[in-house]
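The block underneath contains the structure these notes are about, expressed in structure tokens.
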Amino acid sequence: MSLNSLKGAAVLLREHPVLWLVGIVMGALAVLDILVPVYGGAFYTEPLALLQVLVVPFLAGGVYGTVKGETFSVGEFLQSGKTHYFRILLPTMIIFFAALLTVFLLAVPLALLGAGAAAGMTPLLFGVLVSIAFFTFFYDTVAVFEETTVFESIRRSIEFVMNNLGSVLLFYLANIAVAIALGFAALFAWTALLAGKLESLTLMDQTELQTVMPEDILALIGTEGIWITAAVYAVVIVVYSAFLYAYKASFFRNHAGTAAARMPQGEYDEKGRWYKY
């Protein structure tokens, strides 16, 4: 069914151009990510990051709402984004602060144990963050498709992942494969477009290359190269963002009904006992 979801995402993007709005907006923000630090200074980097955090829930709500209602118009996209905005934003903040708290609670005792324990802290923290992301990744789709409350959307995401573990793993692998493919394509295009400006790097030995800093690369490619870099990066973000949200919506829509059908129907009484219907 993961392959069917992949085909479903392709159909959604081909037949309903409005879904590309999420990619276009994210691509525009990606251009700012590159140009603002270069021309505006580091002062504007944090406000830009905050803007992205605030915009993403609106875009996600727009995509999922239009797919759920099967009414693919700009007006429906904007209305869905507005309707589901806080339903997505609030669990996003809870997951973020829960991850931050988890990292803090792990980092403090490891730091107190000494340098040896602190050296192994990074892989451990990385593993914890990946685990949190792995199980809570579908909280936004749950929030829109099932119209759940804040904490229920997180709980249902964990439940959804555990009920569809094999398919979810394939889903993640497909997204990673697409990201790698786009990354290689972008690197090839960037190198081809800037081959003349980067030629001097091929004349350097290993020692000289190790001393090259990002500022040196920027000086080497010049203003034209910076704009080309921003354009290539934006194209990657446009394509991948549109694919990710369409694939995620298609995947959840295909699997949520299956998972619900497998779950036993019933309720708990006041003593916590389960009664199956």
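Letters for chains follow the order of the structure tokens (A, B, ...), residue numbers begin at 1 for each chain, and ligand numbers begin at 1 in the order shown.
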Problem set entry | Spatial neighbours of segment 70-86 of chain A, 7 Å, only C-alpha atoms, chain gap at least 2 places, as a PyMOL selection string | chain A and resi 16+18+57-63+65-68+88-90+144
For this session: List the neighbours of segment 25-32 of chain A out to 12 Å using only C-alpha atoms; skip same-chain residues closer than 5 positions along the sequence, and give me the result as a ChimeraX atom specification.
Result: /A:18-20,37-41,44-60,226-242,244-245
For this session: Name the closest residue to Leu173 of chain A among the candidates A:Phe134, A:Arg87, A:Arg253, A:Ile95; distances are taken between atoms, counting only C-alpha atoms.
Result: A:Phe134
For this session: Between atom CA of Ile158 of chain A and atom CA of Phe135 of chain A, measure the distance and give it in Å to one decimal.
Result: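 Answer for the atom CA of Ile158 of chain A to atom CA of Phe135 of chain A separation: 4.8 Å.
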Exercise. Pick from A:Val168, A:Ala143, A:Leu220, A:Leu3: nearest to Arg156 of chain A, with only C-alpha atoms counted?
Worked result: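 Of A:Val168, A:Ala143, A:Leu220, A:Leu3, the one nearest Arg156 of chain A, counting only C-alpha atoms, is A:Ala143.
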Exercise. A:Phe43, A:Phe252, A:Trp190, A:Phe171: which is nearest Phe138 of chain A, counting only C-alpha atoms?
Worked result: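 Of A:Phe43, A:Phe252, A:Trp190, A:Phe171, the one nearest Phe138 of chain A is A:Phe252, counting only C-alpha atoms.
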Exercise. How many Å separate atom CA of Phe137 of chain A from atom CA of Ser157 of chain A?
Worked result: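 Result for atom CA of Phe137 of chain A versus atom CA of Ser157 of chain A: 6.8 Å, one decimal.
Candidate residues A:Met121, A:Ser167, A:Glu147, A:Arg14 were compared for distance to Pro109 of chain A, and the nearest is A:Met121, using only C-alpha atoms.
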